[in-house]
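Colleague: start08.txt is reproduced in full below (compact mmCIF, C-alpha atoms and all ligand atoms).
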# COMPACT_ATOMS: atom_id res chain seq x y z
CA ALA A 1088 83.70 138.62 96.53
CA ALA A 1089 86.80 136.80 97.73
CA TRP A 1090 86.50 134.10 95.07
CA GLU A 1091 86.38 136.74 92.32
CA LYS A 1092 89.64 138.19 93.49
CA GLN A 1093 91.13 134.72 93.62
CA VAL A 1094 89.98 133.95 90.09
CA ARG A 1095 91.40 137.22 88.77
CA GLN A 1096 94.70 136.57 90.52
CA SER A 1097 94.90 132.92 89.57
CA SER A 1098 97.11 131.90 86.71
CA THR A 1099 94.13 130.84 84.62
CA PRO A 1100 93.27 133.72 82.35
CA ARG A 1101 94.97 134.28 79.06
CA ARG A 1102 98.02 132.13 78.78
CA PRO A 1103 99.51 133.21 75.48
CA ASN A 1104 100.32 129.74 74.16
CA GLY A 1105 97.97 127.50 76.03
CA PHE A 1106 94.29 126.94 76.45
CA SER A 1107 92.29 128.53 79.19
CA ILE A 1108 90.22 125.71 80.62
CA LEU A 1109 87.41 125.51 83.13
CA VAL A 1110 87.41 122.07 84.74
CA THR A 1111 84.14 121.27 86.49
CA GLY A 1112 84.29 118.55 89.13
CA ALA A 1113 87.94 119.54 89.61
CA ALA A 1114 88.03 118.24 93.19
CA GLY A 1115 86.71 114.91 91.95
CA PHE A 1116 88.86 111.91 91.11
CA VAL A 1117 89.23 112.36 87.34
CA GLY A 1118 89.01 116.16 87.60
CA THR A 1119 92.05 116.35 89.86
CA HIS A 1120 94.20 114.23 87.55
CA CYS A 1121 93.13 116.12 84.42
CA SER A 1122 93.64 119.53 86.01
CA LEU A 1123 97.18 118.63 87.09
CA ALA A 1124 98.09 117.25 83.65
CA LEU A 1125 96.73 120.30 81.81
CA ARG A 1126 98.48 122.69 84.17
CA LYS A 1127 101.72 120.78 83.83
CA ARG A 1128 101.77 121.15 80.07
CA GLY A 1129 101.17 124.90 80.37
CA ASP A 1130 97.44 125.40 80.01
CA GLY A 1131 95.59 127.76 82.30
CA VAL A 1132 93.24 125.79 84.53
CA LEU A 1133 90.46 126.98 86.79
CA GLY A 1134 88.54 124.41 88.82
CA LEU A 1135 84.93 124.38 89.94
CA ASP A 1136 83.34 121.95 92.39
CA ASN A 1137 80.49 121.99 94.89
CA PHE A 1138 82.34 119.65 97.30
CA ASN A 1139 79.19 117.65 97.94
CA SER A 1140 79.24 114.90 100.53
CA TYR A 1141 78.31 111.97 98.27
CA TYR A 1142 81.62 110.54 99.49
CA ASP A 1143 84.17 111.70 102.04
CA PRO A 1144 84.46 115.49 101.50
CA SER A 1145 87.86 115.50 103.22
CA LEU A 1146 89.23 113.51 100.27
CA LYS A 1147 87.92 116.23 97.95
CA ARG A 1148 89.57 118.89 100.16
CA ALA A 1149 92.85 116.98 100.04
CA ARG A 1150 92.65 116.91 96.23
CA GLN A 1151 91.86 120.64 96.26
CA ASN A 1152 94.99 121.24 98.34
CA LEU A 1153 97.02 119.26 95.85
CA LEU A 1154 95.60 121.41 93.05
CA SER A 1155 96.31 124.58 94.94
CA ARG A 1156 99.93 123.53 95.52
CA ASN A 1157 100.08 123.35 91.72
CA GLN A 1158 98.70 126.87 91.22
CA ILE A 1159 95.20 125.67 90.38
CA PHE A 1160 92.42 127.57 92.10
CA THR A 1161 89.10 125.77 92.63
CA VAL A 1162 85.95 127.85 92.93
CA GLU A 1163 83.39 126.34 95.28
CA ALA A 1164 80.14 126.56 93.33
CA ASP A 1165 77.28 124.45 92.06
CA LEU A 1166 76.62 123.95 88.35
CA ASN A 1167 73.16 125.32 88.95
CA ASP A 1168 74.44 128.62 90.33
CA THR A 1169 73.79 130.69 87.19
CA PRO A 1170 74.99 134.11 88.46
CA MET A 1171 78.25 132.55 89.61
CA LEU A 1172 78.83 130.75 86.31
CA ASN A 1173 77.99 133.89 84.32
CA LYS A 1174 80.45 135.88 86.38
CA LEU A 1175 83.14 133.26 85.89
CA PHE A 1176 82.75 133.29 82.10
CA ASP A 1177 82.74 137.10 82.22
CA ILE A 1178 86.04 137.22 84.04
CA VAL A 1179 87.79 134.47 82.10
CA PRO A 1180 87.44 134.00 78.34
CA PHE A 1181 87.69 130.22 78.53
CA THR A 1182 88.75 128.55 75.31
CA HIS A 1183 87.66 125.14 76.64
CA VAL A 1184 85.50 123.54 79.29
CA LEU A 1185 86.26 120.07 80.60
CA HIS A 1186 82.99 119.16 82.25
CA LEU A 1187 83.46 116.32 84.72
CA ALA A 1188 81.14 117.38 87.55
CA ALA A 1189 78.31 114.90 87.98
CA GLN A 1190 76.47 112.84 90.48
CA ALA A 1191 78.22 109.51 89.97
CA GLY A 1192 77.42 106.03 91.27
CA VAL A 1193 74.65 103.65 90.23
CA ARG A 1194 73.40 102.51 93.68
CA TYR A 1195 72.98 105.96 95.22
CA ALA A 1196 70.43 106.78 92.51
CA MET A 1197 67.96 104.58 94.37
CA LYS A 1198 68.48 106.65 97.50
CA ASN A 1199 68.63 110.11 96.01
CA PRO A 1200 67.31 110.15 92.44
CA GLN A 1201 66.85 113.93 92.41
CA SER A 1202 70.56 114.58 92.88
CA TYR A 1203 71.14 112.93 89.47
CA VAL A 1204 68.54 115.13 87.84
CA GLN A 1205 70.01 118.21 89.53
CA SER A 1206 73.64 117.66 88.63
CA ASN A 1207 73.60 115.54 85.48
CA ILE A 1208 70.64 117.08 83.69
CA ALA A 1209 69.76 120.52 85.13
CA GLY A 1210 73.41 121.33 85.93
CA PHE A 1211 74.62 120.30 82.48
CA ILE A 1212 71.92 122.39 80.78
CA ASN A 1213 72.82 125.36 82.95
CA LEU A 1214 76.48 125.07 82.01
CA LEU A 1215 75.57 124.86 78.32
CA GLU A 1216 73.31 127.90 78.60
CA VAL A 1217 76.09 129.95 80.15
CA ALA A 1218 78.66 128.68 77.64
CA LYS A 1219 76.48 129.48 74.65
CA ALA A 1220 76.07 133.05 75.85
CA ALA A 1221 79.81 133.49 76.36
CA VAL A 1222 81.82 135.24 73.68
CA PRO A 1223 83.70 133.48 72.24
CA GLN A 1224 82.01 130.20 72.98
CA PRO A 1225 84.34 127.61 74.47
CA ALA A 1226 84.69 124.08 73.11
CA ILE A 1227 83.20 121.66 75.61
CA VAL A 1228 84.47 118.17 76.38
CA TRP A 1229 82.32 116.31 78.87
CA ALA A 1230 82.21 112.97 80.66
CA SER A 1231 79.56 110.59 79.53
CA SER A 1232 79.82 106.98 80.64
CA SER A 1233 80.08 103.39 79.44
CA SER A 1234 76.91 102.85 81.45
CA VAL A 1235 74.94 104.25 78.49
CA TYR A 1236 75.40 100.83 76.81
CA GLY A 1237 73.32 99.35 79.62
CA LEU A 1238 72.06 95.86 78.91
CA ASN A 1239 73.42 95.91 75.36
CA LYS A 1240 75.04 92.54 74.60
CA ASP A 1241 77.44 93.72 71.88
CA ASN A 1242 80.99 92.83 72.81
CA PRO A 1243 82.95 95.08 72.63
CA PHE A 1244 80.85 98.24 72.61
CA SER A 1245 81.27 100.64 69.69
CA GLU A 1246 79.95 104.18 69.65
CA MET A 1247 77.26 103.27 67.12
CA ASP A 1248 75.83 100.45 69.27
CA ARG A 1249 72.45 100.88 70.89
CA THR A 1250 72.19 102.88 74.11
CA ASP A 1251 68.48 102.66 74.80
CA GLN A 1252 68.54 100.14 77.66
CA PRO A 1253 70.03 101.93 80.69
CA ALA A 1254 70.23 99.73 83.79
CA SER A 1255 70.29 102.59 86.30
CA LEU A 1256 69.03 106.12 86.70
CA TYR A 1257 72.66 107.24 86.64
CA ALA A 1258 73.01 105.70 83.16
CA ALA A 1259 69.74 107.27 82.07
CA THR A 1260 70.94 110.75 83.07
CA LYS A 1261 74.27 110.21 81.30
CA LYS A 1262 72.40 109.15 78.19
CA ALA A 1263 70.16 112.21 78.55
CA GLY A 1264 73.34 114.31 78.66
CA GLU A 1265 74.32 113.01 75.22
CA GLU A 1266 70.94 113.92 73.79
CA ILE A 1267 70.99 117.34 75.44
CA ALA A 1268 74.44 117.89 73.93
CA HIS A 1269 73.05 116.97 70.54
CA THR A 1270 70.41 119.69 70.73
CA TYR A 1271 72.89 122.37 71.85
CA ASN A 1272 75.15 121.46 68.99
CA HIS A 1273 72.30 121.32 66.53
CA ILE A 1274 70.60 124.58 67.49
CA TYR A 1275 73.46 126.75 68.73
CA GLY A 1276 76.49 125.21 67.02
CA LEU A 1277 78.27 124.55 70.30
CA SER A 1278 81.35 122.35 69.96
CA LEU A 1279 80.68 119.29 72.13
CA THR A 1280 82.69 116.12 72.67
CA GLY A 1281 81.34 113.38 74.92
CA LEU A 1282 83.69 110.81 76.41
CA ARG A 1283 82.27 107.49 77.54
CA PHE A 1284 84.66 106.54 80.35
CA PHE A 1285 84.90 102.85 81.28
CA THR A 1286 85.37 102.14 85.03
CA VAL A 1287 88.21 104.50 85.90
CA TYR A 1288 90.54 103.62 88.79
CA GLY A 1289 93.80 104.87 90.28
CA PRO A 1290 95.38 107.00 93.01
CA TRP A 1291 93.03 109.59 94.56
CA GLY A 1292 90.15 107.35 93.43
CA ARG A 1293 86.58 107.18 94.58
CA PRO A 1294 85.75 105.40 97.85
CA ASP A 1295 82.38 104.28 96.48
CA MET A 1296 83.99 102.10 93.81
CA ALA A 1297 84.64 98.36 94.27
CA TYR A 1298 88.45 98.33 93.85
CA PHE A 1299 88.63 101.03 96.53
CA PHE A 1300 86.36 99.53 99.18
CA PHE A 1301 87.70 96.02 98.47
CA THR A 1302 91.16 97.35 99.34
CA LYS A 1303 89.84 98.94 102.51
CA ASP A 1304 87.87 95.89 103.62
CA ILE A 1305 90.58 93.38 102.75
CA LEU A 1306 93.10 95.39 104.80
CA GLN A 1307 90.64 95.52 107.71
CA GLY A 1308 89.94 91.78 107.51
CA LYS A 1309 86.30 92.40 106.62
CA PRO A 1310 84.40 90.14 104.20
CA ILE A 1311 83.81 91.43 100.70
CA ASN A 1312 80.74 90.68 98.59
CA ILE A 1313 81.32 89.42 95.08
CA TYR A 1314 78.21 89.56 92.94
CA LYS A 1315 77.68 87.24 90.00
CA THR A 1316 74.86 87.06 87.51
CA HIS A 1317 71.99 84.61 88.03
CA ASP A 1318 73.69 81.91 86.00
CA GLY A 1319 76.87 82.29 88.04
CA THR A 1320 78.75 84.25 85.39
CA GLU A 1321 81.37 86.59 86.72
CA VAL A 1322 80.86 90.34 86.39
CA ALA A 1323 83.66 91.87 84.30
CA ARG A 1324 84.71 95.47 83.80
CA ASP A 1325 86.96 97.20 81.33
CA PHE A 1326 88.96 98.80 84.18
CA THR A 1327 90.80 101.84 82.81
CA TYR A 1328 93.74 103.46 84.56
CA VAL A 1329 93.21 107.15 85.25
CA ASP A 1330 96.36 108.29 83.38
CA ASP A 1331 94.99 106.70 80.21
CA ILE A 1332 91.70 108.54 80.72
CA VAL A 1333 93.62 111.79 81.26
CA LYS A 1334 95.43 111.29 77.96
CA GLY A 1335 92.09 110.75 76.28
CA CYS A 1336 90.63 113.92 77.81
CA VAL A 1337 93.65 115.97 76.75
CA GLY A 1338 93.50 114.48 73.24
CA ALA A 1339 89.82 115.30 72.97
CA LEU A 1340 90.40 118.88 74.13
CA ASP A 1341 93.16 119.29 71.56
CA THR A 1342 90.95 117.90 68.82
CA ALA A 1343 87.79 119.80 69.70
CA GLU A 1344 87.00 122.59 67.31
CA LYS A 1345 86.51 126.04 68.63
CA SER A 1346 82.93 126.89 67.99
CA THR A 1347 81.43 129.47 65.70
CA GLY A 1348 80.36 131.86 68.46
CA SER A 1349 79.96 135.44 67.32
CA GLY A 1350 83.51 136.23 68.47
CA GLY A 1351 84.99 133.35 66.51
CA LYS A 1352 85.79 132.93 62.85
CA LYS A 1353 82.94 132.03 60.58
CA ARG A 1354 82.90 128.38 59.69
CA GLY A 1355 80.50 125.49 59.54
CA PRO A 1356 78.71 124.38 62.68
CA ALA A 1357 80.96 122.75 65.24
CA GLN A 1358 80.49 119.03 65.54
CA LEU A 1359 79.13 116.81 68.22
CA ARG A 1360 81.30 113.79 68.82
CA VAL A 1361 81.13 110.87 71.23
CA TYR A 1362 84.05 108.53 71.98
CA ASN A 1363 84.66 105.46 74.09
CA LEU A 1364 87.62 105.76 76.46
CA GLY A 1365 88.33 102.33 77.89
CA ASN A 1366 91.14 99.85 78.33
CA THR A 1367 89.87 97.31 75.75
CA SER A 1368 90.48 94.30 78.00
CA PRO A 1369 87.77 93.44 80.51
CA VAL A 1370 88.77 91.72 83.75
CA GLY A 1371 86.52 89.67 86.02
CA VAL A 1372 85.93 90.78 89.57
CA GLY A 1373 87.54 87.55 90.86
CA ARG A 1374 90.75 88.47 89.09
CA LEU A 1375 90.55 92.03 90.46
CA VAL A 1376 90.34 90.60 93.98
CA SER A 1377 93.22 88.20 93.45
CA ILE A 1378 95.46 91.00 92.19
CA LEU A 1379 94.57 93.04 95.29
CA GLU A 1380 95.28 90.05 97.55
CA GLY A 1381 98.71 89.76 95.97
CA LEU A 1382 99.49 93.45 96.36
CA LEU A 1383 98.19 93.70 99.92
CA ASN A 1384 99.60 90.36 100.95
CA VAL A 1385 96.29 89.53 102.65
CA LYS A 1386 93.78 86.83 101.76
CA ALA A 1387 90.31 88.27 101.16
CA LYS A 1388 87.24 86.85 102.90
CA LYS A 1389 85.05 86.40 99.85
CA HIS A 1390 81.31 86.22 100.07
CA VAL A 1391 79.91 85.19 96.70
CA ILE A 1392 76.36 86.22 95.85
CA THR A 1393 74.78 84.77 92.70
CA MET A 1394 72.49 87.66 92.06
CA PRO A 1395 73.38 90.83 90.21
CA ARG A 1396 73.16 94.05 92.14
CA ASN A 1397 70.49 96.48 91.06
CA GLY A 1398 71.86 98.93 88.55
CA ASP A 1399 74.85 96.80 87.56
CA VAL A 1400 75.46 95.52 84.06
CA PRO A 1401 77.15 92.11 83.58
CA PHE A 1402 80.14 93.33 81.62
CA THR A 1403 81.70 96.30 79.85
CA HIS A 1404 84.24 96.26 77.07
CA ALA A 1405 85.34 99.24 75.00
CA ASN A 1406 86.19 99.42 71.35
CA VAL A 1407 88.37 102.54 71.12
CA THR A 1408 89.07 102.58 67.38
CA LEU A 1409 87.39 105.95 66.93
CA ALA A 1410 89.36 107.73 69.68
CA HIS A 1411 92.52 106.13 68.36
CA LYS A 1412 91.81 107.37 64.86
CA ASP A 1413 90.90 110.93 65.88
CA PHE A 1414 93.40 111.64 68.67
CA ALA A 1415 95.69 108.60 68.90
CA TYR A 1416 94.11 107.33 72.11
CA LYS A 1417 95.86 104.19 73.26
CA PRO A 1418 95.52 102.76 76.79
CA THR A 1419 98.87 101.54 78.12
CA THR A 1420 98.35 100.49 81.74
CA ASP A 1421 97.20 96.98 82.61
CA LEU A 1422 95.14 96.35 85.72
CA ALA A 1423 97.95 94.85 87.82
CA THR A 1424 100.25 97.80 87.13
CA GLY A 1425 97.52 100.37 87.76
CA LEU A 1426 96.35 98.72 90.96
CA ARG A 1427 99.90 98.63 92.27
CA LYS A 1428 99.99 102.43 91.88
CA PHE A 1429 96.58 102.73 93.53
CA VAL A 1430 97.58 100.58 96.51
CA LYS A 1431 100.82 102.52 96.91
CA TRP A 1432 98.81 105.74 97.09
CA TYR A 1433 96.18 104.20 99.38
CA VAL A 1434 98.60 103.02 102.05
CA SER A 1435 100.45 106.30 102.04
CA TYR A 1436 97.33 108.50 102.04
CA TYR A 1437 95.62 106.58 104.83
CA GLY A 1438 98.84 105.91 106.70
CA VAL A 1439 98.20 102.16 106.71
CA GLN A 1440 101.13 100.15 108.03
CA PRO A 1441 100.60 97.31 105.66
CA LYS A 1442 101.94 93.90 105.14
CA VAL A 1443 102.34 95.40 101.71
CA LYS A 1444 105.33 94.16 99.83
CA LYS A 1445 107.36 97.20 98.93
CA ASP A 1446 107.30 97.73 95.18
CA THR A 1447 107.49 94.02 94.48
CA PRO A 1448 105.75 93.39 91.21
CA SER A 1449 102.58 91.38 91.69
CA GLU A 1450 102.43 87.86 90.31
CA ALA A 1451 100.35 89.23 87.47
CA GLU A 1452 103.10 91.21 85.80
P1 LIG B 1 83.79 112.30 91.33
O1 LIG B 1 82.50 112.13 92.05
O2 LIG B 1 85.05 112.00 92.06
O3 LIG B 1 83.89 113.76 90.71
C1 LIG B 1 82.79 114.56 90.40
C2 LIG B 1 82.94 115.87 91.13
O4 LIG B 1 81.87 116.73 90.74
C3 LIG B 1 82.86 115.74 92.65
O5 LIG B 1 84.01 116.29 93.25
C4 LIG B 1 81.60 116.51 93.03
O6 LIG B 1 81.74 117.21 94.26
C5 LIG B 1 81.42 117.44 91.86
N1 LIG B 1 80.00 117.78 91.62
C6 LIG B 1 78.94 116.93 91.56
N2 LIG B 1 77.82 117.60 91.32
C7 LIG B 1 78.16 118.91 91.19
C8 LIG B 1 77.42 120.10 90.92
N3 LIG B 1 76.09 120.06 90.77
N4 LIG B 1 78.09 121.26 90.86
C9 LIG B 1 79.43 121.31 91.04
N5 LIG B 1 80.18 120.21 91.29
C10 LIG B 1 79.54 119.03 91.37
O7 LIG B 1 83.67 111.37 90.02
P2 LIG B 1 84.77 110.95 88.95
O8 LIG B 1 84.98 109.49 89.08
O9 LIG B 1 85.93 111.87 88.99
O10 LIG B 1 83.95 111.18 87.62
C11 LIG B 1 84.12 112.31 86.77
C12 LIG B 1 83.12 112.23 85.65
O11 LIG B 1 83.32 111.03 84.91
C13 LIG B 1 81.67 112.20 86.10
O12 LIG B 1 80.91 112.91 85.17
C14 LIG B 1 81.32 110.73 86.04
O13 LIG B 1 79.93 110.53 85.85
C15 LIG B 1 82.12 110.29 84.85
N6 LIG B 1 82.46 108.87 84.84
C16 LIG B 1 83.29 108.34 85.78
C17 LIG B 1 83.62 107.01 85.74
C18 LIG B 1 84.52 106.38 86.76
O14 LIG B 1 84.70 105.16 86.73
N7 LIG B 1 85.15 107.11 87.66
C19 LIG B 1 83.09 106.17 84.74
C20 LIG B 1 82.25 106.74 83.79
C21 LIG B 1 81.95 108.08 83.84
Just give me the structure of the file as structure tokens.
Ligand code: NAD
Modeller:
Amino acid sequence: AAWEKQVRQSSTPRRPNGFSILVTGAAGFVGTHCSLALRKRGDGVLGLDNFNSYYDPSLKRARQNLLSRNQIFTVEADLNDTPMLNKLFDIVPFTHVLHLAAQAGVRYAMKNPQSYVQSNIAGFINLLEVAKAAVPQPAIVWASSSSVYGLNKDNPFSEMDRTDQPASLYAATKKAGEEIAHTYNHIYGLSLTGLRFFTVYGPWGRPDMAYFFFTKDILQGKPINIYKTHDGTEVARDFTYVDDIVKGCVGALDTAEKSTGSGGKKRGPAQLRVYNLGNTSPVGVGRLVSILEGLLNVKAKKHVITMPRNGDVPFTHANVTLAHKDFAYKPTTDLATGLRKFVKWYVSYYGVQPKVKKDTPSEAE
């Protein structure tokens, strides 16, 4: 098949000094950034994505083009395509898998619950099955989510805090992923590292996320809905800039043990680890909007609704002590700085002729 030839010819296999990494969800937002960073530092990267139409597929194609300009080939395949995955692991002896493919979004789960089961549960299990059969077994780092903390009221969230109150089916499938990972580590000794990302934003971001569609609607003069909790409390998120998340992913890959697969050296069972990757400073949605207003030089038409949206949690806040201890994770980008980079990308990607102030720092900096 054409893709097989492409994979064989791609720069992925067997880099003498680097890892050989399969990035699933490579045409996604976080996947694109991670793939580029890994490639840049000399690792071999092969992407996989099913290019589903959950959001604008042309944005995924544009990211794929960016990857391909950086010598990263992306195989178009679904996580549930077992023969394809088997073939891929046959051709390339991956040392690592960065598993980012998932059905994301909390609202869409009410429309299409099965897509979450398919990608986040069945697809993850399928990937683990293929990986455990591969010799040597690759170390797997995968994206969990801060949404596993659900309605937990601890502030901030630590990895040991309870995760048994998911507020959405998305969160429930992410939590299921952590438990599935536990069994594959326990039974088969697979090396598994779960990363609980906290609201990631930045250039090439996801159109279904608030900072993205707020930007779009504010620029188009459309009203934006701002949801509060019943008692009027503002919703707050620990918005985390994508470059910080990328550093966390790379750190986790570097720290992950190679597993004990029959081709590997004999040692104790590889560990299962779970880490928070957040920014450690939650920001209210009102503040998010005012930063965007400053950057776009447009006043937003705000429509305040004192009712939480289904699936949303009131706040998120990461404690990242564990990731800092194990791989020196340290977020460095504040929201105003990160949003300035996002807006710069947005206006250039969509060719908006904005009233945007050119590179003037926002009042927040
Ligand atoms: P994204 O939707 O941009 O990327 C996911 C990619 O996976 C998409 O390109 C999609 O086409 C692909 N995909 C989905 N199902 C697939 C399947 N069955 N087979 C093959 N490919 C498939 O999302 P993102 O924001 O880049 O998120 C990456 C990961 O991080 C996801 O696992 C997500 O759940 C998790 N996460 C993201 C955030 C965030 O704020 N962005 C927060 C917490 C967790």
Colleague: Between A:Gly1381, A:Gly1264, A:Pro1395, A:Pro1243, which one has atoms that come closest to Asp1325 (chain A), using all atoms listed in the file?
Modeller: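 Once distances to Asp1325 (chain A) are computed over all atoms listed in the file, the minimum belongs to A:Pro1243.
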Colleague: Please determine, counting all atoms listed in the file, which residue among A:Arg1095, A:Lys1262, A:Arg1126, A:Arg1156 has the shortest atom-to-atom distance to ligand LIG 1 (chain B).
Modeller: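 Distance minimum relative to ligand LIG 1 (chain B) lands on A:Lys1262.
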Colleague: Taking the point (91.8, 109.0, 75.8) as given in the file, collect each protein or nucleic acid residue that comes within 7 Å of it, counting all atoms listed in the file, and present the set as a list in words.
Modeller: Asp1331, Ile1332, Val1333, Lys1334, Gly1335, Cys1336, Gly1338, Leu1364, Ala1410, Tyr1416 and Lys1417 of chain A
Colleague: If we count only C-alpha atoms, what is near Val1117 (chain A) at a cut-off of 9 Å, once residues fewer than 5 positions away on the same chain are taken out, given as an NGL selection string?
Modeller: :A and (1112 or 1122 or 1187 or 1287-1288 or 1291-1292 or 1329 or 1332-1333)
Colleague: Name the closest residue to Thr1302 (chain A) among the candidates A:Asp1248, A:Asp1241, A:Glu1380, A:Glu1266; distances are taken between atoms, counting only C-alpha atoms.
Modeller: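 Closest to Thr1302 (chain A), using only C-alpha atoms: A:Glu1380.
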Colleague: Please give me, as a PyMOL selection string, the residues lying within 6 Å of ligand LIG 1 (chain B) when counting only C-alpha atoms and all ligand atoms.
Modeller: chain A and resi 1112+1114-1118+1136-1139+1164-1166+1187-1191+1206+1210+1230-1233+1284-1287+1293
Colleague: Can you list, as a JSON list (two decimals) with C-alpha atoms, in the coordinates of the input, every protein, DNA or RNA residue that comes within 12 Å of region 1271-1279 of chain A when you count only C-alpha atoms, leaving out same-chain residues fewer than 3 positions away?
Modeller:
[["chain", "number", "residue", "atom", "x", "y", "z"],
["A", 1182, "THR", "CA", 88.75, 128.55, 75.31],
["A", 1183, "HIS", "CA", 87.66, 125.14, 76.64],
["A", 1184, "VAL", "CA", 85.50, 123.54, 79.29],
["A", 1185, "LEU", "CA", 86.26, 120.07, 80.60],
["A", 1186, "HIS", "CA", 82.99, 119.16, 82.25],
["A", 1211, "PHE", "CA", 74.62, 120.30, 82.48],
["A", 1212, "ILE", "CA", 71.92, 122.39, 80.78],
["A", 1213, "ASN", "CA", 72.82, 125.36, 82.95],
["A", 1214, "LEU", "CA", 76.48, 125.07, 82.01],
["A", 1215, "LEU", "CA", 75.57, 124.86, 78.32],
["A", 1216, "GLU", "CA", 73.31, 127.90, 78.60],
["A", 1217, "VAL", "CA", 76.09, 129.95, 80.15],
["A", 1218, "ALA", "CA", 78.66, 128.68, 77.64],
["A", 1219, "LYS", "CA", 76.48, 129.48, 74.65],
["A", 1220, "ALA", "CA", 76.07, 133.05, 75.85],
["A", 1221, "ALA", "CA", 79.81, 133.49, 76.36],
["A", 1222, "VAL", "CA", 81.82, 135.24, 73.68],
["A", 1223, "PRO", "CA", 83.70, 133.48, 72.24],
["A", 1224, "GLN", "CA", 82.01, 130.20, 72.98],
["A", 1225, "PRO", "CA", 84.34, 127.61, 74.47],
["A", 1226, "ALA", "CA", 84.69, 124.08, 73.11],
["A", 1227, "ILE", "CA", 83.20, 121.66, 75.61],
["A", 1228, "VAL", "CA", 84.47, 118.17, 76.38],
["A", 1229, "TRP", "CA", 82.32, 116.31, 78.87],
["A", 1230, "ALA", "CA", 82.21, 112.97, 80.66],
["A", 1231, "SER", "CA", 79.56, 110.59, 79.53],
["A", 1264, "GLY", "CA", 73.34, 114.31, 78.66],
["A", 1265, "GLU", "CA", 74.32, 113.01, 75.22],
["A", 1266, "GLU", "CA", 70.94, 113.92, 73.79],
["A", 1267, "ILE", "CA", 70.99, 117.34, 75.44],
["A", 1268, "ALA", "CA", 74.44, 117.89, 73.93],
["A", 1282, "LEU", "CA", 83.69, 110.81, 76.41],
["A", 1339, "ALA", "CA", 89.82, 115.30, 72.97],
["A", 1340, "LEU", "CA", 90.40, 118.88, 74.13],
["A", 1342, "THR", "CA", 90.95, 117.90, 68.82],
["A", 1343, "ALA", "CA", 87.79, 119.80, 69.70],
["A", 1344, "GLU", "CA", 87.00, 122.59, 67.31],
["A", 1345, "LYS", "CA", 86.51, 126.04, 68.63],
["A", 1346, "SER", "CA", 82.93, 126.89, 67.99],
["A", 1347, "THR", "CA", 81.43, 129.47, 65.70],
["A", 1348, "GLY", "CA", 80.36, 131.86, 68.46],
["A", 1349, "SER", "CA", 79.96, 135.44, 67.32],
["A", 1351, "GLY", "CA", 84.99, 133.35, 66.51],
["A", 1353, "LYS", "CA", 82.94, 132.03, 60.58],
["A", 1354, "ARG", "CA", 82.90, 128.38, 59.69],
["A", 1355, "GLY", "CA", 80.50, 125.49, 59.54],
["A", 1356, "PRO", "CA", 78.71, 124.38, 62.68],
["A", 1357, "ALA", "CA", 80.96, 122.75, 65.24],
["A", 1358, "GLN", "CA", 80.49, 119.03, 65.54],
["A", 1359, "LEU", "CA", 79.13, 116.81, 68.22],
["A", 1360, "ARG", "CA", 81.30, 113.79, 68.82],
["A", 1361, "VAL", "CA", 81.13, 110.87, 71.23],
["A", 1362, "TYR", "CA", 84.05, 108.53, 71.98]]
Colleague: Starting from the incomplete input, reconstruct N, CA and C atoms of region 1244-1254 of chain A and report them as a compact mmCIF listing (two decimals), in the frame of the given file.
Modeller:
# COMPACT_ATOMS: atom_id res chain seq x y z
N PHE A 1244 81.79 97.17 72.95
CA PHE A 1244 80.85 98.24 72.61
C PHE A 1244 81.52 99.25 71.67
N SER A 1245 80.83 99.56 70.57
CA SER A 1245 81.27 100.64 69.69
C SER A 1245 80.29 101.80 69.83
N GLU A 1246 80.76 102.97 69.45
CA GLU A 1246 79.95 104.18 69.65
C GLU A 1246 78.59 104.10 68.95
N MET A 1247 78.52 103.33 67.86
CA MET A 1247 77.26 103.27 67.12
C MET A 1247 76.28 102.25 67.72
N ASP A 1248 76.72 101.47 68.68
CA ASP A 1248 75.83 100.45 69.27
C ASP A 1248 74.69 101.10 70.05
N ARG A 1249 73.64 100.30 70.26
CA ARG A 1249 72.45 100.88 70.89
C ARG A 1249 72.70 101.27 72.36
N THR A 1250 72.04 102.35 72.75
CA THR A 1250 72.19 102.88 74.11
C THR A 1250 70.82 103.21 74.68
N ASP A 1251 69.85 102.36 74.36
CA ASP A 1251 68.48 102.66 74.80
C ASP A 1251 67.99 101.71 75.89
N GLN A 1252 68.95 101.05 76.58
CA GLN A 1252 68.54 100.14 77.66
C GLN A 1252 69.34 100.42 78.93
N PRO A 1253 69.25 101.64 79.47
CA PRO A 1253 70.03 101.93 80.69
C PRO A 1253 69.58 101.03 81.84
N ALA A 1254 70.54 100.62 82.67
CA ALA A 1254 70.23 99.73 83.79
C ALA A 1254 70.14 100.49 85.11
